[in-house]
Amino acid sequence: MNKTEGTPRSSTATATSPVRLLPHADLCPQGLEFEARQGRKLVDELLAHGVAIEHACEKVCACSTCHVHLREGAAGVAPADEAEEDQLDDAWGVDADSRLACCVRVGATALVVELPRHTRNHAREA
């Protein structure tokens with residue numbers, strides 16, 4: 001409410017949801033917790049919070065380098081489509097929680113994210 005007018009104020013604040021990134025030896029050794037803007041790609045929110053997640057295809061679901069595991073909260077985001085599932089076929093360490101961060105839009109549900117130990121690019125460079 002606007003104190004002087006007694007009317008509701010329009011909110012320009014963007015809705016956010018909590019994201020907890022589990023520790024990763026190279027990219028985020030201590031783990032990270034942050035508020036992600038709803039509707040944005042998870043990969044963009046990770047990058048905005050200083051996590052150097054790979055995204056070789058420039059975030060258009062044409063590779064698997066932004067592979068993540070959604071350990072909690074996956075039910076609150078749209079399911080993977082066929083194009084994402086096709087790209088995940090080439091990802092390292094895929095499991096039932098695997099998604100591409102460029103395909104996950106942050107929703108109203110809190111997320112717990114784990115980065116895989118390697119990506120296909122990392123595995124080649126090592």
# chains A, B, ... in the order shown; residues from 1 in each chain; ligands from 1
>>> select_by_dssp(residues="segment 21-102 of chain A", states="helix (DSSP H, G or I)", output="ChimeraX atom specification")
/A:42-48,74-76,82-88
>>> residues_around(residues="Glu58 of chain A", least_positions_apart="3", cutoff="12 Å", atoms="only C-alpha atoms", output="number ranges by chain")
A: 43-44, 53-55, 61-66, 101-103
>>> write_last_selection(atoms="C-alpha atoms", output="mmCIF file, in the first residue's frame")
data_model
loop_
_atom_site.group_PDB
_atom_site.id
_atom_site.type_symbol
_atom_site.label_atom_id
_atom_site.label_comp_id
_atom_site.auth_asym_id
_atom_site.auth_seq_id
_atom_site.Cartn_x
_atom_site.Cartn_y
_atom_site.Cartn_z
ATOM 1 C CA VAL A 43 21.789 -21.572 -17.548
ATOM 2 C CA ASP A 44 21.405 -17.761 -17.646
ATOM 3 C CA ILE A 53 28.738 -23.532 -16.725
ATOM 4 C CA GLU A 54 29.584 -24.541 -20.283
ATOM 5 C CA HIS A 55 27.165 -23.652 -23.065
ATOM 6 C CA CYS A 61 19.649 -26.914 -27.139
ATOM 7 C CA ALA A 62 22.099 -27.976 -29.835
ATOM 8 C CA CYS A 63 24.687 -29.636 -27.575
ATOM 9 C CA SER A 64 24.832 -31.201 -24.117
ATOM 10 C CA THR A 65 27.488 -29.102 -22.410
ATOM 11 C CA CYS A 66 25.044 -27.401 -19.994
ATOM 12 C CA ALA A 101 20.150 -25.950 -18.166
ATOM 13 C CA CYS A 102 19.376 -24.068 -21.393
ATOM 14 C CA CYS A 103 16.006 -25.849 -21.572
#
>>> atom_distance(atom1="atom CA of Ala96 of chain A", atom2="atom CA of Ala75 of chain A")
12.3 Å
>>> closest_residue(among="A:Ala83, A:Val60, A:Leu88, A:Ala15", to="Arg37 of chain A", atoms="only C-alpha atoms")
A:Ala15
>>> closest_residue(among="A:Gln38, A:Leu21, A:Gly73, A:Ala78", to="Gly50 of chain A", atoms="only C-alpha atoms")
A:Leu21
>>> residues_around(residues="Val68 of chain A", least_positions_apart="5", cutoff="9 Å", atoms="only C-alpha atoms", output="PyMOL selection string")
chain A and resi 94+97-101+113-116
>>> write_last_selection(atoms="C-alpha atoms", output="compact mmCIF listing (two decimals), in the first residue's frame")
# COMPACT_ATOMS: atom_id res chain seq x y z
CA VAL A 94 23.04 -38.99 -17.53
CA ASP A 97 17.36 -36.22 -12.97
CA SER A 98 19.32 -35.03 -16.03
CA ARG A 99 18.29 -31.89 -17.86
CA LEU A 100 19.92 -29.25 -20.04
CA ALA A 101 20.15 -25.95 -18.17
CA VAL A 113 20.99 -28.49 -8.89
CA GLU A 114 24.05 -30.69 -9.20
CA LEU A 115 26.61 -30.15 -11.93
CA PRO A 116 28.04 -33.34 -13.41
>>> atom_distance(atom1="atom CA of Cys57 of chain A", atom2="atom CA of Asp26 of chain A")
21.2 Å
>>> residues_around(residues="Leu32 of chain A", least_positions_apart="3", cutoff="8 Å", atoms="only C-alpha atoms", output="list in words")
Arg20, Leu21, Leu22, Pro23 and Cys28 of chain A
>>> write_last_selection(atoms="C-alpha atoms", output="PDB file, in the first residue's frame")
ATOM      1  CA  ARG A  20      20.736 -24.347  -4.345  1.00  0.00           C
ATOM      2  CA  LEU A  21      23.745 -25.491  -6.322  1.00  0.00           C
ATOM      3  CA  LEU A  22      25.522 -28.435  -4.754  1.00  0.00           C
ATOM      4  CA  PRO A  23      29.314 -28.193  -4.467  1.00  0.00           C
ATOM      5  CA  CYS A  28      31.685 -24.039  -7.333  1.00  0.00           C
TER       6      CYS A  28
END
>>> atom_distance(atom1="atom CA of Glu85 of chain A", atom2="atom CA of Pro18 of chain A")
25.4 Å
